[in-house]
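The file structure.tsv comes next; it holds TSV, C-alpha atoms and all ligand atoms.
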```tsv
chain	number	residue	atom	x	y	z
Q	1330	TYR	CA	0.00	0.00	0.00
Q	1331	HIS	CA	2.85	2.43	-0.75
Q	1332	ASN	CA	0.56	4.54	-2.88
Q	1333	LEU	CA	-1.65	5.36	0.09
Q	1334	LYS	CA	-2.10	9.13	0.20
Q	1335	THR	CA	-3.61	9.38	3.67
Q	1336	GLU	CA	-2.22	11.13	6.75
Q	1337	PHE	CA	-3.19	8.72	9.50
Q	1338	ILE	CA	-5.69	6.16	8.27
Q	1339	GLY	CA	-3.86	3.02	7.20
Q	1340	LYS	CA	-0.46	4.20	8.46
Q	1341	ASN	CA	-0.63	0.95	10.40
Q	1342	ILE	CA	-2.07	-1.90	8.30
Q	1343	ILE	CA	-2.48	-5.42	9.70
Q	1344	HIS	CA	-2.86	-7.91	6.86
Q	1345	LEU	CA	-4.23	-11.35	7.76
Q	1346	GLU	CA	-4.77	-14.53	5.73
Q	1347	SER	CA	-7.84	-15.57	7.68
Q	1348	VAL	CA	-9.80	-14.30	10.69
Q	1349	ASP	CA	-13.26	-14.74	12.16
Q	1350	SER	CA	-14.22	-11.10	11.60
Q	1351	THR	CA	-11.95	-8.07	11.06
Q	1352	ASN	CA	-14.32	-6.03	13.24
Q	1353	ASP	CA	-14.06	-8.51	16.13
Q	1354	TYR	CA	-10.29	-8.74	15.71
Q	1355	LEU	CA	-9.89	-4.97	15.94
Q	1356	LYS	CA	-12.32	-4.68	18.86
Q	1357	LYS	CA	-10.17	-7.10	20.87
Q	1358	ILE	CA	-6.98	-5.04	20.42
Q	1359	GLY	CA	-8.74	-1.70	20.21
Q	1360	ASN	CA	-7.14	-0.08	23.24
Q	1361	ASP	CA	-3.63	-1.05	22.17
Q	1362	VAL	CA	-3.51	0.14	18.55
Q	1363	GLN	CA	-3.11	3.60	17.11
Q	1364	ASP	CA	-5.95	5.70	15.73
Q	1365	GLY	CA	-6.51	4.86	12.08
Q	1366	THR	CA	-5.19	1.29	12.22
Q	1367	VAL	CA	-6.65	-0.84	9.42
Q	1368	VAL	CA	-7.11	-4.61	9.47
Q	1369	ILE	CA	-7.57	-6.40	6.16
Q	1370	SER	CA	-8.11	-10.13	5.83
Q	1371	GLU	CA	-8.11	-12.31	2.73
Q	1372	GLU	CA	-10.96	-14.30	4.25
Q	1373	GLN	CA	-13.42	-14.10	7.13
Q	1374	THR	CA	-14.82	-17.27	8.63
Q	1375	LYS	CA	-17.53	-15.43	10.58
Q	1376	GLY	CA	-18.05	-12.16	8.74
Q	1377	LYS	CA	-20.83	-10.14	10.33
Q	1378	GLY	CA	-23.59	-7.93	9.05
Q	1379	ARG	CA	-25.86	-5.85	11.27
Q	1380	LEU	CA	-28.14	-7.38	13.91
Q	1381	GLY	CA	-26.29	-10.69	13.97
Q	1382	ARG	CA	-26.63	-11.28	10.25
Q	1383	ASN	CA	-23.98	-13.09	8.28
Q	1384	TRP	CA	-21.60	-11.52	5.75
Q	1385	GLN	CA	-20.20	-13.85	3.08
Q	1386	SER	CA	-16.44	-13.22	2.83
Q	1387	LYS	CA	-14.66	-15.86	0.75
Q	1388	SER	CA	-10.90	-15.98	0.38
Q	1389	LYS	CA	-9.45	-13.34	-1.96
Q	1390	GLU	CA	-12.83	-12.52	-3.47
Q	1391	GLY	CA	-13.29	-9.16	-1.87
Q	1392	ILE	CA	-12.17	-6.43	0.47
Q	1393	TRP	CA	-12.89	-7.37	4.06
Q	1394	MET	CA	-11.46	-4.62	6.21
Q	1395	SER	CA	-11.99	-2.59	9.37
Q	1396	ILE	CA	-10.73	0.81	10.45
Q	1397	ILE	CA	-10.37	1.84	14.09
Q	1398	LEU	CA	-11.03	5.46	14.98
Q	1399	LYS	CA	-10.64	7.30	18.26
Q	1400	PRO	CA	-12.53	10.54	17.79
Q	1401	GLU	CA	-13.22	12.95	20.61
Q	1402	ILE	CA	-16.93	13.26	20.03
Q	1403	ILE	CA	-19.96	12.35	22.09
Q	1404	PRO	CA	-21.24	8.85	21.37
Q	1405	TYR	CA	-24.48	9.93	19.72
Q	1406	LYS	CA	-22.50	11.51	16.89
Q	1407	ALA	CA	-20.87	8.19	16.01
Q	1408	PRO	CA	-23.58	6.63	13.79
Q	1409	PHE	CA	-22.91	9.41	11.29
Q	1410	ILE	CA	-19.56	7.74	10.61
Q	1411	THR	CA	-21.46	5.02	8.73
Q	1412	LEU	CA	-22.66	7.67	6.30
Q	1413	ILE	CA	-19.11	8.96	5.94
Q	1414	ALA	CA	-17.96	5.47	5.01
Q	1415	GLY	CA	-20.84	5.13	2.53
Q	1416	ALA	CA	-20.01	8.50	0.97
Q	1417	ALA	CA	-16.32	7.57	0.73
Q	1418	ILE	CA	-17.10	4.25	-0.95
Q	1419	VAL	CA	-19.45	5.67	-3.60
Q	1420	LYS	CA	-17.10	8.53	-4.27
Q	1421	ALA	CA	-14.12	6.19	-4.64
Q	1422	LEU	CA	-16.05	3.83	-6.92
Q	1423	ASN	CA	-17.41	6.65	-9.06
Q	1424	ASN	CA	-13.86	8.08	-9.35
Q	1425	LEU	CA	-12.94	4.67	-10.75
Q	1426	GLN	CA	-15.84	4.90	-13.25
Q	1427	VAL	CA	-18.09	2.49	-11.36
Q	1428	PRO	CA	-21.67	3.81	-11.14
Q	1429	ALA	CA	-22.40	2.86	-7.53
Q	1430	ASN	CA	-25.19	4.26	-5.35
Q	1431	ILE	CA	-25.96	4.34	-1.63
Q	1432	LYS	CA	-28.99	2.64	-0.23
Q	1433	TRP	CA	-29.25	4.46	3.08
Q	1434	PRO	CA	-27.88	3.78	5.61
Q	1435	ASN	CA	-25.23	1.18	4.92
Q	1436	ASP	CA	-25.56	-0.56	1.56
Q	1437	ILE	CA	-23.71	0.28	-1.63
Q	1438	ILE	CA	-25.39	-1.02	-4.75
Q	1439	ILE	CA	-24.71	-1.37	-8.46
Q	1440	ASN	CA	-27.61	-2.08	-10.81
Q	1441	ASN	CA	-29.79	-2.50	-7.74
Q	1442	LYS	CA	-27.66	-5.27	-6.26
Q	1443	LYS	CA	-25.56	-5.03	-3.14
Q	1444	VAL	CA	-21.84	-4.83	-3.77
Q	1445	SER	CA	-20.74	-3.45	-0.42
Q	1446	GLY	CA	-21.95	-3.09	3.16
Q	1447	ILE	CA	-20.81	-1.19	6.25
Q	1448	LEU	CA	-20.95	-2.26	9.89
Q	1449	THR	CA	-20.03	0.38	12.47
Q	1450	GLU	CA	-19.50	-0.72	16.07
Q	1451	LEU	CA	-18.85	1.43	19.08
Q	1452	SER	CA	-16.98	0.97	22.34
Q	1453	ALA	CA	-18.10	3.84	24.54
Q	1454	GLU	CA	-18.71	4.96	28.07
Q	1455	ILE	CA	-21.51	7.32	29.00
Q	1456	GLU	CA	-20.04	10.48	27.59
Q	1457	ARG	CA	-16.96	9.41	25.75
Q	1458	ILE	CA	-15.94	7.08	23.00
Q	1459	ASN	CA	-13.13	4.60	23.50
Q	1460	TYR	CA	-13.13	3.75	19.84
Q	1461	VAL	CA	-15.26	3.20	16.78
Q	1462	VAL	CA	-14.69	0.27	14.44
Q	1463	VAL	CA	-15.90	0.77	10.88
Q	1464	GLY	CA	-16.14	-2.48	8.94
Q	1465	ILE	CA	-16.33	-2.39	5.17
Q	1466	GLY	CA	-17.08	-5.42	3.02
Q	1467	MET	CA	-16.91	-5.18	-0.75
Q	1468	ASN	CA	-17.36	-7.95	-3.29
Q	1469	VAL	CA	-14.64	-7.54	-5.89
Q	1470	LYS	CA	-13.97	-10.83	-7.67
Q	1471	SER	CA	-16.85	-12.99	-6.40
Q	1472	LEU	CA	-18.63	-14.78	-9.23
Q	1473	ASP	CA	-21.02	-16.99	-7.30
Q	1474	PHE	CA	-22.89	-16.29	-4.13
Q	1475	ASP	CA	-24.78	-18.55	-1.77
Q	1476	LYS	CA	-28.25	-19.36	-3.02
Q	1477	GLU	CA	-30.10	-16.79	-0.91
Q	1478	LEU	CA	-27.80	-14.02	-2.15
Q	1479	GLU	CA	-27.83	-14.77	-5.87
Q	1480	GLU	CA	-30.65	-12.36	-6.64
Q	1481	LYS	CA	-29.55	-9.51	-4.42
Q	1482	ALA	CA	-25.74	-9.47	-4.39
Q	1483	THR	CA	-23.15	-8.62	-7.02
Q	1484	SER	CA	-19.43	-7.97	-7.33
Q	1485	LEU	CA	-17.31	-5.54	-9.32
Q	1486	TYR	CA	-16.11	-8.37	-11.58
Q	1487	LYS	CA	-19.67	-9.58	-12.14
Q	1488	GLU	CA	-20.58	-6.08	-13.29
Q	1489	ASN	CA	-17.49	-6.08	-15.53
Q	1490	TYR	CA	-15.33	-3.72	-13.53
Q	1491	HIS	CA	-11.92	-5.35	-13.25
Q	1492	LEU	CA	-10.24	-3.25	-10.60
Q	1493	SER	CA	-7.51	-4.27	-8.19
Q	1494	ARG	CA	-8.32	-4.49	-4.51
Q	1495	VAL	CA	-5.27	-2.39	-3.61
Q	1496	GLU	CA	-6.41	0.43	-5.87
Q	1497	ILE	CA	-9.90	0.42	-4.38
Q	1498	VAL	CA	-8.64	0.29	-0.79
Q	1499	SER	CA	-6.32	3.25	-1.42
Q	1500	GLN	CA	-9.10	5.31	-2.94
Q	1501	VAL	CA	-11.65	4.44	-0.27
Q	1502	LEU	CA	-9.27	5.22	2.60
Q	1503	TYR	CA	-8.23	8.50	0.98
Q	1504	GLU	CA	-11.83	9.68	0.48
Q	1505	PHE	CA	-12.79	8.42	3.92
Q	1506	GLU	CA	-10.00	10.32	5.67
Q	1507	ASN	CA	-10.90	13.59	3.97
Q	1508	LEU	CA	-14.59	13.37	4.84
Q	1509	TYR	CA	-13.87	12.08	8.33
Q	1510	ASN	CA	-11.52	15.00	9.06
Q	1511	ASP	CA	-14.20	17.38	7.79
Q	1512	TYR	CA	-16.64	15.97	10.32
Q	1513	ILE	CA	-14.40	15.42	13.35
Q	1514	LYS	CA	-11.94	18.28	13.08
Q	1515	ASN	CA	-13.96	20.94	11.30
Q	1516	ASP	CA	-17.50	19.93	12.21
Q	1517	TYR	CA	-18.31	20.21	8.50
Q	1518	LYS	CA	-20.97	17.82	7.18
Q	1519	GLU	CA	-22.27	19.46	4.01
Q	1520	GLU	CA	-19.98	17.63	1.59
Q	1521	ILE	CA	-20.81	14.25	3.16
Q	1522	LEU	CA	-24.54	14.91	2.99
Q	1523	LYS	CA	-24.23	16.17	-0.55
Q	1524	ILE	CA	-22.55	12.95	-1.66
Q	1525	CYS	CA	-25.09	10.83	0.24
Q	1526	LYS	CA	-27.94	12.64	-1.53
Q	1527	GLU	CA	-26.36	12.85	-4.96
Q	1528	TYR	CA	-25.61	9.13	-5.05
Q	1529	SER	CA	-28.69	8.01	-3.17
Q	1530	ALA	CA	-30.55	5.05	-4.63
Q	1531	ILE	CA	-33.73	5.78	-2.68
Q	1532	LEU	CA	-34.39	9.54	-2.51
Q	1533	ASN	CA	-37.68	10.48	-4.16
Q	1534	LYS	CA	-38.64	6.83	-4.37
Q	1535	ASP	CA	-41.18	4.65	-2.63
Q	1536	VAL	CA	-39.64	2.00	-0.39
Q	1537	TYR	CA	-40.59	-0.35	2.40
Q	1538	ILE	CA	-39.07	0.41	5.80
Q	1539	ILE	CA	-38.68	-2.87	7.63
Q	1540	LYS	CA	-38.34	-2.95	11.39
Q	1541	ASP	CA	-38.90	-5.98	13.64
Q	1542	ASP	CA	-40.99	-7.88	11.06
Q	1543	GLU	CA	-43.19	-4.87	10.34
Q	1544	LYS	CA	-43.06	-3.14	7.01
Q	1545	GLU	CA	-44.34	0.24	6.03
Q	1546	LEU	CA	-44.60	1.81	2.60
Q	1547	VAL	CA	-43.15	5.33	2.51
Q	1548	LYS	CA	-41.70	7.87	0.12
Q	1549	CYS	CA	-38.11	8.98	0.82
Q	1550	ILE	CA	-37.85	12.74	0.83
Q	1551	ASP	CA	-34.54	13.81	2.28
Q	1552	ILE	CA	-31.60	13.04	4.56
Q	1553	SER	CA	-31.50	15.25	7.64
Q	1554	ASP	CA	-28.42	17.07	8.94
Q	1555	ASN	CA	-28.01	14.28	11.49
Q	1556	GLY	CA	-27.98	11.70	8.75
Q	1557	ASN	CA	-31.48	10.42	9.43
Q	1558	LEU	CA	-33.83	9.52	6.60
Q	1559	ILE	CA	-36.87	11.78	6.18
Q	1560	VAL	CA	-39.88	9.98	4.73
Q	1561	MET	CA	-43.55	10.62	4.10
Q	1562	ASP	CA	-45.99	7.88	5.05
Q	1563	ASP	CA	-49.25	7.02	3.32
Q	1564	LYS	CA	-51.15	9.57	5.43
Q	1565	ASP	CA	-48.75	12.31	4.34
Q	1566	ASN	CA	-47.13	12.45	7.78
Q	1567	ILE	CA	-43.43	13.25	7.80
Q	1568	GLN	CA	-41.28	10.84	9.80
Q	1569	GLU	CA	-37.60	10.83	10.65
Q	1570	ILE	CA	-36.07	7.36	10.53
Q	1571	LEU	CA	-32.95	6.63	12.57
Q	1572	SER	CA	-30.37	4.34	11.06
Q	1573	GLY	CA	-29.37	1.27	12.96
Q	1574	GLU	CA	-32.45	-0.79	13.38
Q	1575	VAL	CA	-34.11	-0.62	9.99
Q	1576	SER	CA	-33.74	-2.18	6.59
Q	1577	ILE	CA	-35.02	-0.71	3.37
Q	1578	ARG	CA	-36.48	-2.62	0.48
Q	1579	GLY	CA	-37.49	-1.35	-2.94
Q	1580	VAL	CA	-41.11	-1.60	-4.03
P	1601	LIG	C1	-24.00	-5.17	6.24
P	1601	LIG	O1	-24.95	-5.67	7.08
P	1601	LIG	O2	-24.17	-4.90	5.08
P	1601	LIG	C2	-22.63	-4.97	6.88
P	1601	LIG	C3	-21.55	-5.78	6.22
P	1601	LIG	C4	-20.20	-5.48	6.83
P	1601	LIG	C5	-19.16	-6.47	6.41
P	1601	LIG	C6	-17.78	-6.05	6.86
P	1601	LIG	S1	-16.52	-7.06	6.20
P	1601	LIG	C7	-15.35	-6.41	7.27
P	1601	LIG	C8	-16.04	-6.22	8.61
P	1601	LIG	N1	-15.94	-7.40	9.43
P	1601	LIG	C9	-17.14	-7.97	9.64
P	1601	LIG	O3	-17.35	-9.00	10.30
P	1601	LIG	N2	-18.11	-7.23	9.04
P	1601	LIG	C10	-17.55	-6.07	8.37
P	1601	LIG	P1	-26.49	-5.82	6.75
P	1601	LIG	O4	-27.05	-4.53	6.27
P	1601	LIG	O5	-27.07	-6.43	7.98
P	1601	LIG	O6	-26.53	-6.83	5.57
P	1601	LIG	C11	-26.33	-8.21	5.77
P	1601	LIG	C12	-27.10	-8.94	4.68
P	1601	LIG	O7	-26.46	-8.76	3.41
P	1601	LIG	C13	-27.15	-10.44	4.89
P	1601	LIG	O8	-28.24	-10.81	5.68
P	1601	LIG	C14	-27.29	-10.97	3.46
P	1601	LIG	O9	-28.63	-10.91	3.04
P	1601	LIG	C15	-26.52	-9.96	2.64
P	1601	LIG	N3	-25.14	-10.38	2.39
P	1601	LIG	C16	-24.34	-11.23	3.09
P	1601	LIG	N4	-23.13	-11.34	2.55
P	1601	LIG	C17	-23.14	-10.56	1.45
P	1601	LIG	C18	-22.18	-10.25	0.45
P	1601	LIG	N5	-20.94	-10.73	0.47
P	1601	LIG	N6	-22.57	-9.40	-0.54
P	1601	LIG	C19	-23.80	-8.86	-0.58
P	1601	LIG	N7	-24.75	-9.12	0.32
P	1601	LIG	C20	-24.42	-9.96	1.33
```

With the file now loaded, output its structure as structure tokens.
Ligand code: BT5
Amino acid sequence: YHNLKTEFIGKNIIHLESVDSTNDYLKKIGNDVQDGTVVISEEQTKGKGRLGRNWQSKSKEGIWMSIILKPEIIPYKAPFITLIAGAAIVKALNNLQVPANIKWPNDIIINNKKVSGILTELSAEIERINYVVVGIGMNVKSLDFDKELEEKATSLYKENYHLSRVEIVSQVLYEFENLYNDYIKNDYKEEILKICKEYSAILNKDVYIIKDDEKELVKCIDISDNGNLIVMDDKDNIQEILSGEVSIRGV
């Protein structure tokens, strides 16, 4: 990764052949590693999605990596970091001529299929953060997926984008660091929100919001300054949806 243009993210890179989950690995050593340390593994044997879901991470087929961050912000500002990661990924991919979009809050899609997902985990006390671990999974070379994923997942190779994993990692970390510094050091969110809106796959569309087995049909209207999704329900009431506990499905 000599061509990495970042200041602190990825200055320390731990490269593994195999691990249960790069997020879990980094959480275990979180107090002992420097801010911006990145763990990348060729394979994950227990890759995780949100809410205990599974993330398929076969050997050498994708980018399975986690970044540890130690920002001095209050814990409730941390979920926004997921949007920063999403913005960095779509910006990096679009720089590389890949037309990727964000499905708020944590999916990156190409041609309506998921190519990348983000899992942000927090170690915090009441008013301070010990660290945040941002996990990024991206399917690069995968050509077949498990049966239940066939319809909804894709990879860069499957979509005919033959990019190297090193190139993508460098671009993603570079874009991420810039947007992250905007937010943490300068308290500047406009660029992040602009990217999230510009590359949104769901704004101005009808979608189902799925929470605990219930689904509701809504129209997506905007993303708030806090990164929440603003929707209008079928009675024309405006609701603000917090990330974290919901999934979104197209109609
Ligand atoms: C996510 O969860 O999308 C977060 C994925 C984060 C993965 C990274 S890899 C590095 C780091 N270490 C980890 O252990 N995790 C992070 P969620 O929104 O809950 O989506 C999970 C759902 O996506 C699953 O239930 C499947 O339906 C689908 N899925 C699983 N593996 C996939 C894959 N490789 N590509 C596309 N979709 C997948």

Can you list every residue of region 1344-1405 of chain Q that has an atom at most 10 Å from region 1502-1505 of chain Q, with its nearest atom pair and the distance in Å to one decimal, using only C-alpha atoms, ordered by chain then number, as JSON lines?
```
{"residue": "Q:Gly1365", "atom": "CA", "partner": "Q:Leu1502", "partner_atom": "CA", "distance": 9.9}
{"residue": "Q:Val1367", "atom": "CA", "partner": "Q:Leu1502", "partner_atom": "CA", "distance": 9.5}
{"residue": "Q:Ile1396", "atom": "CA", "partner": "Q:Leu1502", "partner_atom": "CA", "distance": 9.1}
```

Counting all atoms listed in the file, figure out which residue out of Q:Ser1471, Q:Asn1423, Q:Thr1449, Q:Asn1533 gets nearest to Leu1380 (chain Q). Q:Thr1449

Test item: residues no farther than 7 Å from ligand LIG 1601 (chain P), counting all atoms listed in the file, as number ranges by chain: Q: 1350-1353, 1375-1380, 1382-1386, 1393-1395, 1435-1436, 1443-1448, 1464-1468, 1478, 1481-1483

In file coordinates, which residues lie within 10 Å of (-21.8, 16.2, 5.2) using all atoms listed in the file, given as a list of chain:residue names?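 With a cut-off of 10 Å, the residues come to Q:Phe1409, Q:Leu1412, Q:Ile1413, Q:Ala1416, Q:Leu1508, Q:Tyr1509, Q:Asp1511, Q:Tyr1512, Q:Asp1516, Q:Tyr1517, Q:Lys1518, Q:Glu1519, Q:Glu1520, Q:Ile1521, Q:Leu1522, Q:Lys1523, Q:Ile1524, Q:Cys1525, Q:Lys1526, Q:Asp1554, Q:Asn1555, Q:Gly1556.
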
Would you mind telling me which residue in Q:Asn1332, Q:Asn1341, Q:Asn1441, Q:Asn1424 lies nearest to Val1580 (chain Q) when using all atoms listed in the file?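 Result for the nearest residue to Val1580 (chain Q): Q:Asn1441.
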
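With only C-alpha atoms taken into account, the protein and nucleic acid residues at most 8 Å from Leu1546 (chain Q) (excluding it and anything under 2 positions from it in its own chain) are Asp1535, Val1536, Tyr1537, Ile1538, Lys1544, Lys1548, Asp1562 and Asp1563 of chain Q.
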
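Shortest separation to Val1463 (chain Q) among Q:Lys1356, Q:Lys1514, Q:Arg1494, Q:Lys1487 occurs at residue Q:Lys1356, atoms counted being only C-alpha atoms.
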
Provide the CA of Leu1558 (chain Q) to CA of Trp1433 (chain Q) distance in Å, to one decimal place.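 CA of Leu1558 (chain Q) sits 7.7 Å away from CA of Trp1433 (chain Q).
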
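One distance worth recording is that between CA of Ile1497 (chain Q) and CA of Leu1345 (chain Q), which is 17.8 Å.
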
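The smallest atom-to-atom distance between Ile1437 (chain Q) and any of Q:Leu1355, Q:Ile1403, Q:Ala1530, Q:Ile1567, using only C-alpha atoms, is found for Q:Ala1530.
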
So which one's closest to Leu1425 (chain Q), Q:Thr1411, Q:Ser1499, Q:Asn1360, Q:Ser1388? Using only C-alpha atoms, please.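 Residue with the minimum atom-to-atom distance to Leu1425 (chain Q): Q:Ser1499.
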
Rank nothing, just name the residue among Q:Val1461, Q:Ala1453, Q:Ala1417, Q:Ile1439 nearest to Asn1489 (chain Q), using all atoms listed in the file.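 Using all atoms listed in the file, the shortest distance to Asn1489 (chain Q) belongs to Q:Ile1439.
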
Reconstructed region 1474-1483 of chain Q, atom set all heavy atoms, as a compact mmCIF listing (two decimals), in the coordinates of the input:
```
# COMPACT_ATOMS: atom_id res chain seq x y z
N PHE Q 1474 -22.49 -16.56 -5.51
CA PHE Q 1474 -22.89 -16.29 -4.13
C PHE Q 1474 -23.75 -17.44 -3.65
O PHE Q 1474 -24.30 -18.20 -4.43
CB PHE Q 1474 -23.70 -14.99 -4.07
CG PHE Q 1474 -22.88 -13.78 -4.36
CD1 PHE Q 1474 -22.83 -13.25 -5.64
CD2 PHE Q 1474 -22.14 -13.16 -3.37
CE1 PHE Q 1474 -22.05 -12.14 -5.92
CE2 PHE Q 1474 -21.37 -12.04 -3.63
CZ PHE Q 1474 -21.32 -11.53 -4.91
N ASP Q 1475 -23.87 -17.56 -2.33
CA ASP Q 1475 -24.78 -18.55 -1.77
C ASP Q 1475 -26.17 -18.31 -2.32
O ASP Q 1475 -26.53 -17.19 -2.69
CB ASP Q 1475 -24.79 -18.45 -0.24
CG ASP Q 1475 -23.43 -18.80 0.36
OD1 ASP Q 1475 -22.58 -19.31 -0.39
OD2 ASP Q 1475 -23.23 -18.54 1.56
N LYS Q 1476 -26.94 -19.39 -2.37
CA LYS Q 1476 -28.25 -19.36 -3.02
C LYS Q 1476 -29.11 -18.14 -2.65
O LYS Q 1476 -29.63 -17.45 -3.51
CB LYS Q 1476 -28.98 -20.66 -2.68
CG LYS Q 1476 -30.24 -20.90 -3.45
CD LYS Q 1476 -30.12 -22.15 -4.34
CE LYS Q 1476 -31.15 -22.16 -5.44
NZ LYS Q 1476 -30.64 -21.58 -6.69
N GLU Q 1477 -29.18 -17.86 -1.33
CA GLU Q 1477 -30.10 -16.79 -0.91
C GLU Q 1477 -29.60 -15.40 -1.31
O GLU Q 1477 -30.33 -14.43 -1.22
CB GLU Q 1477 -30.39 -16.88 0.60
CG GLU Q 1477 -29.30 -16.36 1.52
CD GLU Q 1477 -28.15 -17.34 1.78
OE1 GLU Q 1477 -28.09 -18.41 1.12
OE2 GLU Q 1477 -27.30 -17.01 2.62
N LEU Q 1478 -28.34 -15.33 -1.77
CA LEU Q 1478 -27.80 -14.02 -2.15
C LEU Q 1478 -27.81 -13.78 -3.65
O LEU Q 1478 -27.66 -12.64 -4.10
CB LEU Q 1478 -26.36 -13.89 -1.66
CG LEU Q 1478 -26.13 -13.71 -0.17
CD1 LEU Q 1478 -24.64 -13.55 0.10
CD2 LEU Q 1478 -26.89 -12.50 0.33
N GLU Q 1479 -27.96 -14.86 -4.41
CA GLU Q 1479 -27.83 -14.77 -5.87
C GLU Q 1479 -28.57 -13.59 -6.49
O GLU Q 1479 -28.03 -12.88 -7.32
CB GLU Q 1479 -28.35 -16.05 -6.51
CG GLU Q 1479 -27.25 -16.98 -6.98
CD GLU Q 1479 -27.81 -18.34 -7.30
OE1 GLU Q 1479 -28.88 -18.39 -7.95
OE2 GLU Q 1479 -27.19 -19.33 -6.88
N GLU Q 1480 -29.80 -13.41 -6.05
CA GLU Q 1480 -30.65 -12.36 -6.64
C GLU Q 1480 -30.25 -10.96 -6.20
O GLU Q 1480 -30.47 -10.00 -6.91
CB GLU Q 1480 -32.11 -12.57 -6.22
CG GLU Q 1480 -32.68 -13.88 -6.68
CD GLU Q 1480 -33.15 -13.78 -8.11
OE1 GLU Q 1480 -34.18 -13.13 -8.34
OE2 GLU Q 1480 -32.47 -14.35 -9.00
N LYS Q 1481 -29.71 -10.87 -4.97
CA LYS Q 1481 -29.55 -9.51 -4.42
C LYS Q 1481 -28.11 -9.02 -4.28
O LYS Q 1481 -27.90 -7.86 -3.95
CB LYS Q 1481 -30.30 -9.37 -3.10
CG LYS Q 1481 -30.06 -10.46 -2.09
CD LYS Q 1481 -30.97 -10.25 -0.87
CE LYS Q 1481 -30.65 -11.26 0.22
NZ LYS Q 1481 -31.43 -11.07 1.40
N ALA Q 1482 -27.13 -9.90 -4.54
CA ALA Q 1482 -25.74 -9.47 -4.39
C ALA Q 1482 -25.02 -9.44 -5.74
O ALA Q 1482 -25.39 -10.16 -6.67
CB ALA Q 1482 -25.00 -10.40 -3.45
N THR Q 1483 -24.00 -8.60 -5.82
CA THR Q 1483 -23.15 -8.62 -7.02
C THR Q 1483 -21.73 -8.27 -6.61
O THR Q 1483 -21.45 -8.02 -5.44
CB THR Q 1483 -23.68 -7.64 -8.10
OG1 THR Q 1483 -23.01 -7.93 -9.33
CG2 THR Q 1483 -23.46 -6.19 -7.72
```
